[in-house]
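Here is the file final.json (JSON, C-alpha atoms).
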[["chain", "number", "residue", "atom", "x", "y", "z"],
["A", 1, "MET", "CA", -4.57, 17.24, 12.10],
["A", 2, "LYS", "CA", -6.24, 16.35, 15.36],
["A", 3, "LYS", "CA", -8.33, 13.71, 13.76],
["A", 4, "VAL", "CA", -8.36, 10.47, 15.73],
["A", 5, "PHE", "CA", -8.03, 7.28, 13.79],
["A", 6, "SER", "CA", -11.09, 5.03, 13.73],
["A", 7, "LEU", "CA", -10.77, 1.33, 13.07],
["A", 8, "VAL", "CA", -12.64, -0.81, 10.59],
["A", 9, "LEU", "CA", -11.42, -4.34, 11.18],
["A", 10, "VAL", "CA", -13.15, -7.70, 11.16],
["A", 11, "VAL", "CA", -12.22, -11.35, 11.17],
["A", 12, "PHE", "CA", -13.39, -13.14, 8.04],
["A", 13, "LEU", "CA", -16.26, -15.43, 8.95],
["A", 14, "LEU", "CA", -15.94, -18.64, 6.97],
["A", 15, "ALA", "CA", -18.93, -20.53, 8.31],
["A", 16, "ALA", "CA", -20.91, -22.18, 5.53],
["A", 17, "CYS", "CA", -23.90, -24.47, 5.21],
["A", 18, "GLY", "CA", -22.70, -27.04, 2.69],
["A", 19, "SER", "CA", -19.82, -28.14, 0.50],
["A", 20, "SER", "CA", -20.81, -25.92, -2.47],
["A", 21, "GLU", "CA", -21.16, -22.89, -0.21],
["A", 22, "THR", "CA", -17.85, -23.67, 1.48],
["A", 23, "SER", "CA", -16.22, -23.74, -1.94],
["A", 24, "LEU", "CA", -17.62, -20.30, -2.76],
["A", 25, "PHE", "CA", -16.40, -18.89, 0.56],
["A", 26, "ARG", "CA", -12.91, -20.20, -0.19],
["A", 27, "LYS", "CA", -13.03, -18.66, -3.66],
["A", 28, "ALA", "CA", -14.07, -15.30, -2.20],
["A", 29, "LYS", "CA", -11.25, -15.51, 0.34],
["A", 30, "ARG", "CA", -8.68, -16.18, -2.42],
["A", 31, "LEU", "CA", -9.97, -13.23, -4.45],
["A", 32, "THR", "CA", -9.83, -11.01, -1.39],
["A", 33, "ALA", "CA", -6.25, -12.03, -0.67],
["A", 34, "LYS", "CA", -5.34, -10.95, -4.23],
["A", 35, "GLY", "CA", -7.10, -7.61, -3.79],
["A", 36, "GLU", "CA", -9.83, -8.45, -6.29],
["A", 37, "TYR", "CA", -12.55, -7.06, -4.07],
["A", 38, "GLN", "CA", -15.23, -6.51, -6.70],
["A", 39, "LYS", "CA", -14.97, -10.13, -7.84],
["A", 40, "ALA", "CA", -15.10, -11.33, -4.24],
["A", 41, "ILE", "CA", -18.22, -9.22, -3.68],
["A", 42, "SER", "CA", -19.84, -10.95, -6.67],
["A", 43, "VAL", "CA", -19.08, -14.34, -5.13],
["A", 44, "TYR", "CA", -20.69, -13.33, -1.83],
["A", 45, "SER", "CA", -23.69, -12.04, -3.76],
["A", 46, "THR", "CA", -23.99, -15.43, -5.42],
["A", 47, "ILE", "CA", -23.96, -17.09, -2.00],
["A", 48, "LEU", "CA", -26.68, -14.73, -0.76],
["A", 49, "LYS", "CA", -28.93, -15.44, -3.74],
["A", 50, "LYS", "CA", -28.94, -19.07, -2.67],
["A", 51, "ASN", "CA", -28.86, -18.53, 1.06],
["A", 52, "THR", "CA", -30.33, -15.24, 2.30],
["A", 53, "SER", "CA", -29.62, -16.20, 5.92],
["A", 54, "SER", "CA", -25.82, -16.27, 5.63],
["A", 55, "ALA", "CA", -24.63, -13.73, 8.19],
["A", 56, "ALA", "CA", -21.03, -14.51, 7.26],
["A", 57, "ALA", "CA", -21.56, -13.59, 3.61],
["A", 58, "TYR", "CA", -23.22, -10.31, 4.55],
["A", 59, "ALA", "CA", -20.45, -9.44, 7.00],
["A", 60, "ASN", "CA", -17.66, -10.26, 4.59],
["A", 61, "ARG", "CA", -19.32, -8.43, 1.71],
["A", 62, "GLY", "CA", -19.80, -5.41, 3.94],
["A", 63, "LEU", "CA", -16.09, -5.36, 4.74],
["A", 64, "LEU", "CA", -15.21, -5.54, 1.05],
["A", 65, "TYR", "CA", -17.48, -2.61, 0.19],
["A", 66, "GLU", "CA", -15.36, -0.60, 2.61],
["A", 67, "ARG", "CA", -12.18, -1.72, 0.87],
["A", 68, "LEU", "CA", -13.27, -0.65, -2.60],
["A", 69, "THR", "CA", -11.54, 2.43, -4.00],
["A", 70, "PRO", "CA", -14.20, 5.04, -4.84],
["A", 71, "LYS", "CA", -13.96, 7.32, -7.86],
["A", 72, "ASN", "CA", -15.42, 10.27, -5.99],
["A", 73, "ALA", "CA", -17.13, 11.35, -2.76],
["A", 74, "LYS", "CA", -20.54, 10.24, -3.99],
["A", 75, "GLU", "CA", -19.31, 6.73, -4.73],
["A", 76, "LEU", "CA", -17.58, 6.63, -1.33],
["A", 77, "GLN", "CA", -20.89, 7.31, 0.38],
["A", 78, "GLN", "CA", -22.56, 4.63, -1.73],
["A", 79, "TYR", "CA", -19.99, 2.04, -0.70],
["A", 80, "LYS", "CA", -20.34, 3.02, 2.95],
["A", 81, "GLY", "CA", -24.12, 2.76, 2.68],
["A", 82, "MET", "CA", -23.88, -0.73, 1.17],
["A", 83, "ALA", "CA", -21.41, -1.79, 3.86],
["A", 84, "LYS", "CA", -23.73, -0.51, 6.57],
["A", 85, "ARG", "CA", -26.71, -2.36, 5.16],
["A", 86, "ASP", "CA", -24.76, -5.60, 4.95],
["A", 87, "TYR", "CA", -23.51, -5.26, 8.54],
["A", 88, "GLU", "CA", -27.05, -4.57, 9.74],
["A", 89, "ARG", "CA", -28.34, -7.67, 7.92],
["A", 90, "ALA", "CA", -25.53, -9.76, 9.40],
["A", 91, "ILE", "CA", -26.32, -8.52, 12.90],
["A", 92, "ALA", "CA", -30.03, -9.23, 12.42],
["A", 93, "LEU", "CA", -29.12, -12.81, 11.55],
["A", 94, "ASN", "CA", -26.36, -13.25, 14.12],
["A", 95, "ALA", "CA", -26.17, -10.68, 16.89],
["A", 96, "ASP", "CA", -23.35, -12.45, 18.73],
["A", 97, "GLN", "CA", -20.41, -11.44, 16.53],
["A", 98, "PRO", "CA", -18.53, -8.53, 18.17],
["A", 99, "GLU", "CA", -16.43, -7.99, 15.02],
["A", 100, "ILE", "CA", -19.50, -7.08, 12.96],
["A", 101, "LEU", "CA", -20.83, -4.81, 15.71],
["A", 102, "ASN", "CA", -17.42, -3.12, 15.84],
["A", 103, "ASN", "CA", -17.37, -2.56, 12.08],
["A", 104, "LEU", "CA", -20.82, -1.03, 12.03],
["A", 105, "ALA", "CA", -19.87, 1.21, 14.95],
["A", 106, "ALA", "CA", -16.79, 2.41, 13.06],
["A", 107, "LEU", "CA", -18.99, 3.49, 10.15],
["A", 108, "TYR", "CA", -21.15, 5.49, 12.56],
["A", 109, "ILE", "CA", -17.99, 7.09, 13.95],
["A", 110, "ASP", "CA", -17.04, 8.21, 10.44],
["A", 111, "GLU", "CA", -20.52, 9.70, 10.03],
["A", 112, "GLY", "CA", -20.30, 11.54, 13.34],
["A", 113, "ASP", "CA", -23.18, 9.59, 14.86],
["A", 114, "TYR", "CA", -21.41, 8.88, 18.12],
["A", 115, "ASP", "CA", -24.46, 7.77, 20.09],
["A", 116, "GLN", "CA", -25.16, 4.97, 17.61],
["A", 117, "ALA", "CA", -21.49, 4.05, 17.56],
["A", 118, "VAL", "CA", -21.40, 3.69, 21.34],
["A", 119, "LEU", "CA", -24.58, 1.61, 21.27],
["A", 120, "TYR", "CA", -22.99, -0.98, 18.99],
["A", 121, "LEU", "CA", -19.63, -0.88, 20.74],
["A", 122, "ASN", "CA", -21.31, -1.48, 24.08],
["A", 123, "ARG", "CA", -23.07, -4.49, 22.56],
["A", 124, "ALA", "CA", -19.77, -5.80, 21.22],
["A", 125, "LEU", "CA", -18.12, -5.38, 24.61],
["A", 126, "SER", "CA", -21.01, -7.01, 26.44],
["A", 127, "ILE", "CA", -20.28, -10.10, 24.34],
["A", 128, "SER", "CA", -16.49, -9.83, 24.52],
["A", 129, "PRO", "CA", -15.34, -7.51, 27.35],
["A", 130, "ASP", "CA", -11.67, -7.86, 26.35],
["A", 131, "TYR", "CA", -12.21, -7.05, 22.67],
["A", 132, "GLY", "CA", -9.36, -4.60, 22.17],
["A", 133, "LEU", "CA", -10.56, -3.07, 18.90],
["A", 134, "ALA", "CA", -13.96, -2.21, 20.34],
["A", 135, "LEU", "CA", -12.31, -0.68, 23.41],
["A", 136, "ILE", "CA", -10.08, 1.45, 21.18],
["A", 137, "ASN", "CA", -13.02, 2.52, 19.03],
["A", 138, "ARG", "CA", -15.07, 3.46, 22.08],
["A", 139, "GLY", "CA", -12.10, 5.47, 23.28],
["A", 140, "VAL", "CA", -12.08, 7.18, 19.88],
["A", 141, "VAL", "CA", -15.76, 8.10, 20.28],
["A", 142, "ARG", "CA", -15.24, 9.43, 23.80],
["A", 143, "SER", "CA", -12.34, 11.51, 22.57],
["A", 144, "LYS", "CA", -14.39, 12.98, 19.73],
["A", 145, "GLN", "CA", -17.05, 13.83, 22.32],
["A", 146, "LYS", "CA", -14.30, 15.54, 24.40],
["A", 147, "ARG", "CA", -14.90, 13.07, 27.19],
["A", 148, "TYR", "CA", -11.19, 12.57, 27.53],
["A", 149, "GLY", "CA", -11.20, 10.89, 30.94],
["A", 150, "ARG", "CA", -13.61, 8.20, 29.74],
["A", 151, "ALA", "CA", -11.58, 7.77, 26.57],
["A", 152, "LEU", "CA", -8.36, 7.24, 28.50],
["A", 153, "VAL", "CA", -10.05, 4.60, 30.67],
["A", 154, "ASP", "CA", -11.01, 2.66, 27.54],
["A", 155, "PHE", "CA", -7.52, 3.01, 26.13],
["A", 156, "ALA", "CA", -6.00, 1.76, 29.39],
["A", 157, "LYS", "CA", -8.22, -1.33, 29.26],
["A", 158, "ALA", "CA", -7.30, -1.87, 25.61],
["A", 159, "GLU", "CA", -3.59, -1.67, 26.45],
["A", 160, "GLU", "CA", -3.99, -4.61, 28.80],
["A", 161, "VAL", "CA", -5.16, -6.84, 25.94],
["A", 162, "SER", "CA", -4.02, -5.09, 22.75],
["A", 163, "PRO", "CA", -0.93, -2.83, 23.11],
["A", 164, "THR", "CA", -0.80, -1.97, 19.40],
["A", 165, "VAL", "CA", 0.39, 0.98, 17.34],
["A", 166, "LEU", "CA", -3.21, 2.00, 16.72],
["A", 167, "LEU", "CA", -3.88, 2.10, 20.44],
["A", 168, "PHE", "CA", -0.86, 4.31, 21.10],
["A", 169, "LEU", "CA", -1.73, 6.56, 18.14],
["A", 170, "ASN", "CA", -5.26, 7.15, 19.34],
["A", 171, "ARG", "CA", -4.33, 7.59, 22.96],
["A", 172, "ALA", "CA", -1.55, 10.05, 22.11],
["A", 173, "LEU", "CA", -3.93, 12.16, 20.03],
["A", 174, "THR", "CA", -6.44, 12.14, 22.87],
["A", 175, "GLU", "CA", -3.79, 13.11, 25.41],
["A", 176, "TYR", "CA", -2.69, 15.97, 23.17],
["A", 177, "ALA", "CA", -6.28, 17.20, 22.80],
["A", 178, "ALA", "CA", -6.71, 17.05, 26.59],
["A", 179, "GLY", "CA", -3.50, 19.03, 27.16],
["A", 180, "TYR", "CA", -1.49, 16.09, 28.57],
["A", 181, "TYR", "CA", 1.50, 16.77, 26.35],
["A", 182, "ALA", "CA", 4.10, 14.79, 28.30],
["A", 183, "SER", "CA", 1.88, 11.69, 28.23],
["A", 184, "ALA", "CA", 1.29, 12.19, 24.51],
["A", 185, "ILE", "CA", 5.05, 12.29, 23.94],
["A", 186, "ASP", "CA", 5.41, 9.02, 25.87],
["A", 187, "ASP", "CA", 2.84, 7.36, 23.63],
["A", 188, "TRP", "CA", 4.46, 8.69, 20.45],
["A", 189, "ASP", "CA", 7.65, 7.15, 21.81],
["A", 190, "ASN", "CA", 5.73, 3.87, 22.10],
["A", 191, "VAL", "CA", 4.62, 4.15, 18.49],
["A", 192, "LEU", "CA", 8.16, 4.82, 17.30],
["A", 193, "LYS", "CA", 9.54, 1.84, 19.20],
["A", 194, "LEU", "CA", 7.21, -0.33, 17.12],
["A", 195, "GLU", "CA", 7.42, 1.67, 13.89],
["A", 196, "PRO", "CA", 10.69, 3.66, 13.81],
["A", 197, "LYS", "CA", 9.89, 5.20, 10.41],
["A", 198, "ASN", "CA", 6.36, 6.38, 11.21],
["A", 199, "ALA", "CA", 6.29, 9.95, 9.82],
["A", 200, "ARG", "CA", 2.95, 10.74, 11.47],
["A", 201, "ALA", "CA", 4.37, 9.85, 14.87],
["A", 202, "TYR", "CA", 7.33, 12.19, 14.40],
["A", 203, "LEU", "CA", 5.01, 14.96, 13.26],
["A", 204, "GLU", "CA", 2.67, 14.61, 16.21],
["A", 205, "ARG", "CA", 5.46, 14.19, 18.75],
["A", 206, "GLY", "CA", 6.96, 17.37, 17.35],
["A", 207, "ARG", "CA", 3.67, 19.21, 17.89],
["A", 208, "ALA", "CA", 3.58, 18.03, 21.52],
["A", 209, "LEU", "CA", 7.22, 19.08, 21.99],
["A", 210, "VAL", "CA", 6.32, 22.58, 20.79],
["A", 211, "LYS", "CA", 3.65, 22.73, 23.50],
["A", 212, "MET", "CA", 6.28, 21.74, 26.07],
["A", 213, "GLY", "CA", 8.63, 24.48, 24.81],
["A", 214, "TYR", "CA", 11.25, 22.07, 23.40],
["A", 215, "PHE", "CA", 11.55, 23.87, 20.08],
["A", 216, "GLN", "CA", 14.79, 22.37, 18.77],
["A", 217, "ASP", "CA", 13.63, 18.83, 19.55],
["A", 218, "ALA", "CA", 10.32, 19.59, 17.83],
["A", 219, "LEU", "CA", 12.07, 20.90, 14.72],
["A", 220, "GLU", "CA", 14.20, 17.76, 14.57],
["A", 221, "ASP", "CA", 11.06, 15.63, 14.73],
["A", 222, "PHE", "CA", 9.41, 17.60, 11.91],
["A", 223, "GLN", "CA", 12.56, 17.14, 9.82],
["A", 224, "ARG", "CA", 12.59, 13.40, 10.58],
["A", 225, "ALA", "CA", 8.99, 13.19, 9.39],
["A", 226, "ILE", "CA", 10.01, 14.88, 6.14],
["A", 227, "ALA", "CA", 13.00, 12.56, 5.75],
["A", 228, "PHE", "CA", 10.79, 9.48, 6.02],
["A", 229, "ARG", "CA", 7.99, 10.90, 3.86],
["A", 230, "ALA", "CA", 9.00, 13.78, 1.62],
["A", 231, "ASP", "CA", 5.50, 14.18, 0.15],
["A", 232, "TYR", "CA", 3.90, 14.77, 3.57],
["A", 233, "ALA", "CA", 2.76, 18.40, 3.73],
["A", 234, "MET", "CA", 2.09, 18.74, 7.43],
["A", 235, "PRO", "CA", 5.70, 18.51, 8.74],
["A", 236, "TYR", "CA", 6.57, 21.36, 6.38],
["A", 237, "PHE", "CA", 3.58, 23.30, 7.70],
["A", 238, "TYR", "CA", 4.50, 22.97, 11.37],
["A", 239, "ALA", "CA", 8.25, 23.33, 10.78],
["A", 240, "GLY", "CA", 7.58, 26.51, 8.82],
["A", 241, "GLU", "CA", 5.41, 27.95, 11.56],
["A", 242, "LEU", "CA", 8.00, 27.09, 14.22],
["A", 243, "LEU", "CA", 10.97, 28.47, 12.28],
["A", 244, "PHE", "CA", 9.15, 31.71, 11.48],
["A", 245, "SER", "CA", 8.17, 32.15, 15.12],
["A", 246, "ARG", "CA", 11.80, 31.65, 16.20],
["A", 247, "GLY", "CA", 13.07, 34.35, 13.84],
["A", 248, "ASP", "CA", 14.23, 32.27, 10.86],
["A", 249, "THR", "CA", 11.62, 33.88, 8.65],
["A", 250, "ASP", "CA", 13.11, 33.03, 5.25],
["A", 251, "THR", "CA", 13.42, 29.30, 5.97],
["A", 252, "GLY", "CA", 10.01, 29.30, 7.64],
["A", 253, "LEU", "CA", 8.45, 30.86, 4.58],
["A", 254, "ALA", "CA", 10.18, 28.34, 2.31],
["A", 255, "TYR", "CA", 8.79, 25.46, 4.36],
["A", 256, "ALA", "CA", 5.30, 26.97, 4.24],
["A", 257, "GLU", "CA", 5.49, 27.36, 0.47],
["A", 258, "GLN", "CA", 6.49, 23.72, 0.13],
["A", 259, "ALA", "CA", 3.51, 22.73, 2.31],
["A", 260, "ALA", "CA", 1.25, 24.71, -0.03],
["A", 261, "ASN", "CA", 2.76, 22.93, -3.05],
["A", 262, "LEU", "CA", 2.10, 19.54, -1.47],
["A", 263, "ALA", "CA", -1.38, 20.40, -0.14],
["A", 264, "PRO", "CA", -2.90, 22.94, -2.57],
["A", 265, "ASN", "CA", -6.39, 22.44, -1.13],
["A", 266, "TYR", "CA", -5.46, 22.97, 2.52],
["A", 267, "ALA", "CA", -6.77, 26.39, 3.54],
["A", 268, "PRO", "CA", -4.71, 26.78, 6.78],
["A", 269, "VAL", "CA", -1.41, 26.79, 4.90],
["A", 270, "PHE", "CA", -2.54, 29.71, 2.75],
["A", 271, "GLU", "CA", -3.73, 31.54, 5.84],
["A", 272, "MET", "CA", -0.31, 30.97, 7.43],
["A", 273, "LEU", "CA", 1.44, 32.27, 4.31],
["A", 274, "GLY", "CA", -0.72, 35.36, 4.58],
["A", 275, "ASP", "CA", 0.24, 35.78, 8.22],
["A", 276, "MET", "CA", 3.93, 35.40, 7.38],
["A", 277, "LEU", "CA", 3.76, 38.02, 4.63],
["A", 278, "ALA", "CA", 1.50, 40.48, 6.45],
["A", 279, "LEU", "CA", 4.33, 42.88, 7.36],
["A", 280, "GLU", "CA", 6.57, 42.37, 4.35],
["A", 281, "SER", "CA", 3.96, 42.35, 1.58],
["A", 282, "PRO", "CA", 0.29, 43.09, 2.44],
["A", 283, "VAL", "CA", -0.67, 42.59, -1.20],
["A", 284, "GLU", "CA", 0.77, 39.06, -1.27],
["A", 285, "ALA", "CA", -0.73, 38.35, 2.13],
["A", 286, "THR", "CA", -4.14, 39.40, 0.83],
["A", 287, "ARG", "CA", -3.73, 37.08, -2.14],
["A", 288, "HIS", "CA", -3.14, 34.16, 0.20],
["A", 289, "TYR", "CA", -6.10, 35.09, 2.41],
["A", 290, "LEU", "CA", -8.30, 35.16, -0.68],
["A", 291, "ALA", "CA", -7.04, 31.68, -1.62],
["A", 292, "ALA", "CA", -7.85, 30.43, 1.90],
["A", 293, "ARG", "CA", -11.30, 31.99, 1.73],
["A", 294, "LYS", "CA", -12.00, 30.25, -1.57],
["A", 295, "LEU", "CA", -10.95, 26.90, -0.14],
["A", 296, "ASP", "CA", -12.79, 27.42, 3.15],
["A", 297, "PRO", "CA", -15.95, 29.45, 2.42],
["A", 298, "LYS", "CA", -17.52, 28.54, 5.78],
["A", 299, "ASN", "CA", -14.95, 30.77, 7.47],
["A", 300, "ALA", "CA", -15.07, 33.57, 4.91],
["A", 301, "ALA", "CA", -15.71, 36.22, 7.58],
["A", 302, "HIS", "CA", -12.52, 35.22, 9.41],
["A", 303, "TYR", "CA", -10.37, 35.66, 6.32],
["A", 304, "GLN", "CA", -12.17, 38.86, 5.37],
["A", 305, "GLN", "CA", -11.26, 40.33, 8.77],
["A", 306, "LYS", "CA", -7.60, 39.57, 8.09],
["A", 307, "ILE", "CA", -7.85, 41.18, 4.67],
["A", 308, "ARG", "CA", -9.22, 44.33, 6.29],
["A", 309, "SER", "CA", -6.33, 44.26, 8.77],
["A", 310, "MET", "CA", -3.90, 44.72, 5.87],
["A", 311, "ASN", "CA", -5.03, 48.34, 5.64],
["A", 312, "SER", "CA", -3.14, 49.42, 8.77],
["A", 313, "GLU", "CA", 0.30, 48.76, 10.23],
["A", 314, "LYS", "CA", -1.28, 48.11, 13.60],
["A", 315, "GLY", "CA", -3.56, 45.47, 12.11],
["A", 316, "ARG", "CA", -0.68, 43.77, 10.30],
["A", 317, "LYS", "CA", 1.46, 43.68, 13.45],
["A", 318, "ARG", "CA", -1.43, 42.26, 15.45],
["A", 319, "ILE", "CA", -1.86, 39.39, 12.99],
["A", 320, "VAL", "CA", 1.84, 38.45, 13.13],
["A", 321, "PHE", "CA", 1.95, 38.72, 16.92],
["A", 322, "ASP", "CA", -1.21, 36.68, 17.44],
["A", 323, "ARG", "CA", 0.04, 33.92, 15.15],
["A", 324, "PHE", "CA", 3.71, 33.58, 16.03],
["A", 325, "ALA", "CA", 4.28, 34.92, 19.56],
["A", 326, "ASN", "CA", 4.15, 32.34, 22.34],
["A", 327, "LEU", "CA", 3.50, 29.51, 19.89],
["A", 328, "GLU", "CA", 3.61, 26.87, 22.64],
["A", 329, "LYS", "CA", 0.68, 28.51, 24.46],
["A", 330, "LYS", "CA", -1.72, 28.30, 21.53]]

Turn the structure described in the file into structure tokens.
Amino acid sequence: MKKVFSLVLVVFLLAACGSSETSLFRKAKRLTAKGEYQKAISVYSTILKKNTSSAAAYANRGLLYERLTPKNAKELQQYKGMAKRDYERAIALNADQPEILNNLAALYIDEGDYDQAVLYLNRALSISPDYGLALINRGVVRSKQKRYGRALVDFAKAEEVSPTVLLFLNRALTEYAAGYYASAIDDWDNVLKLEPKNARAYLERGRALVKMGYFQDALEDFQRAIAFRADYAMPYFYAGELLFSRGDTDTGLAYAEQAANLAPNYAPVFEMLGDMLALESPVEATRHYLAARKLDPKNAAHYQQKIRSMNSEKGRKRIVFDRFANLEKK
């Protein structure tokens, strides 16, 4: 849940080299507006067969590859690869478009190649120092690198030119990661002023309120998140953890079970269910730890240690204490 949002935004480049090409660009734009991305991609491909030096067609086609809905993870990677190639071709033809540089950087952010992302973002900002999206994206990279001070500098610059919801979202997540919980709450407030029904903002503000020790306010925020988006698993997860830690174990368990129903592939919720049931029912707790281990095999040793702890009362008490005591300090 600490993931920072990365941005993939570009201005459509409608430059063309003749009346017939201009007509095709307009057709592609109409198709894009209707959400017919695959057809729009075909139009840009037609343009590129006739004019292989059209940076605009490459850039726009790259954006559309990112907008396609993949059938599976493999297809998602294929679309990203095609988008990257098109952005690279566009940059080779026209290196002065900060929007294309920003888009390519965002793809590198998604891949975890932060050095390459910064390289392209720096190029974008050398062309347009007040380009808010590039400043936000560079702040995202710095945050992922745990260079929180540098990230906050970029976000402060972005706020001067682009005080948007996405800026406040990213800065709040960075502030939370850095331990600046009061500042994070201020930025979630900023988000909610602009988007009063933003369930993610209520969820994340609630998490920051827990860290500040304002448990009732946090619970109210988790419940608001649920009210605005009933299918959102994470408010149930955090509300369940908070309620259980405050002694309302039955309601906490019910919330956790609902989180598991909504997110059946989320290993942490099954681990939490195990922790909740460790004292009451070691057998049920073990079942949940096994489910978490199946979903998260990279951390199998961690879950196996908890399973072994079910063999003694001391081990079971330790698990419950470690999970639910002093929740705000974890």

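Shortest separation to Phe244 in chain A among A:Val283, A:Ala218, A:Val320, A:Ala199 occurs at residue A:Val320, atoms counted being only C-alpha atoms.
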
Task: For Pro282 in chain A, the nearest of the candidates A:Arg85, A:Arg316, A:Lys71, A:His302, counting all atoms listed in the file - done: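 Nearest to Pro282 in chain A: A:Arg316.
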
- [ ] Using all atoms listed in the file, determine which residues lie at most 12 Å from Leu243 in chain A, disregarding the query and same-chain residues fewer than 2 positions distant; provide the list as a ChimeraX atom specification.
- [x] /A:210,215-216,218-220,222-223,235-241,245-256,276,324-325,327

Residues of range 121-198 of chain A within 9 Å of range 90-98 of chain A: nearest atom pair and distance (Å, one decimal) for each, counting all atoms listed in the file, sorted by chain and number, as a tab-separated table?
residue	atom	partner	partner_atom	distance
A:Leu121	CA	A:Pro98	CA	8.1
A:Arg123	CA	A:Pro98	CA	7.5
A:Ala124	CA	A:Pro98	CA	4.3
A:Leu125	CA	A:Pro98	CA	7.2
A:Ser126	CA	A:Pro98	CA	8.8
A:Ile127	CA	A:Pro98	CA	6.6
A:Ser128	CA	A:Pro98	CA	6.8
A:Tyr131	CA	A:Pro98	CA	7.9
A:Ala134	CA	A:Pro98	CA	8.1

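Distance-wise, CA of Gln116 in chain A and CA of Leu63 in chain A end up 18.8 Å apart.
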
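Closest approach to Lys330 in chain A among A:Glu88, A:Gly179, A:Gln145, A:Phe168: A:Gly179, based on all atoms listed in the file.
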
- [ ] Using all atoms listed in the file, find the one residue out of A:Thr32, A:Glu160, A:Thr46, A:Ala300 that sits nearest to Ser20 in chain A.
- [x] A:Thr46

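Contact shell of Ser162 in chain A at 6 Å (only C-alpha atoms; same-chain neighbours under 3 positions omitted): Gly132, Ala158 and Glu159 of chain A.
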
Task: Closest of A:Leu192, A:Leu169, A:Ala201, A:Leu119 to Ile136 in chain A - atom-to-atom distances counting all atoms listed in the file - done: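 When distances to Ile136 in chain A are compared using all atoms listed in the file, the smallest one comes from A:Leu169.
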
- [ ] Using only C-alpha atoms, pick whichever of A:Tyr58, A:Leu194, A:Leu135, A:Leu104 has the shortest atom-to-atom distance to Tyr120 in chain A.
- [x] A:Leu104

Task: Atomic distance CA of Ala117 in chain A - CA of Glu99 in chain A, expressed in Å with one decimal - done: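 One can read the CA of Ala117 in chain A to CA of Glu99 in chain A distance as 13.3 Å.
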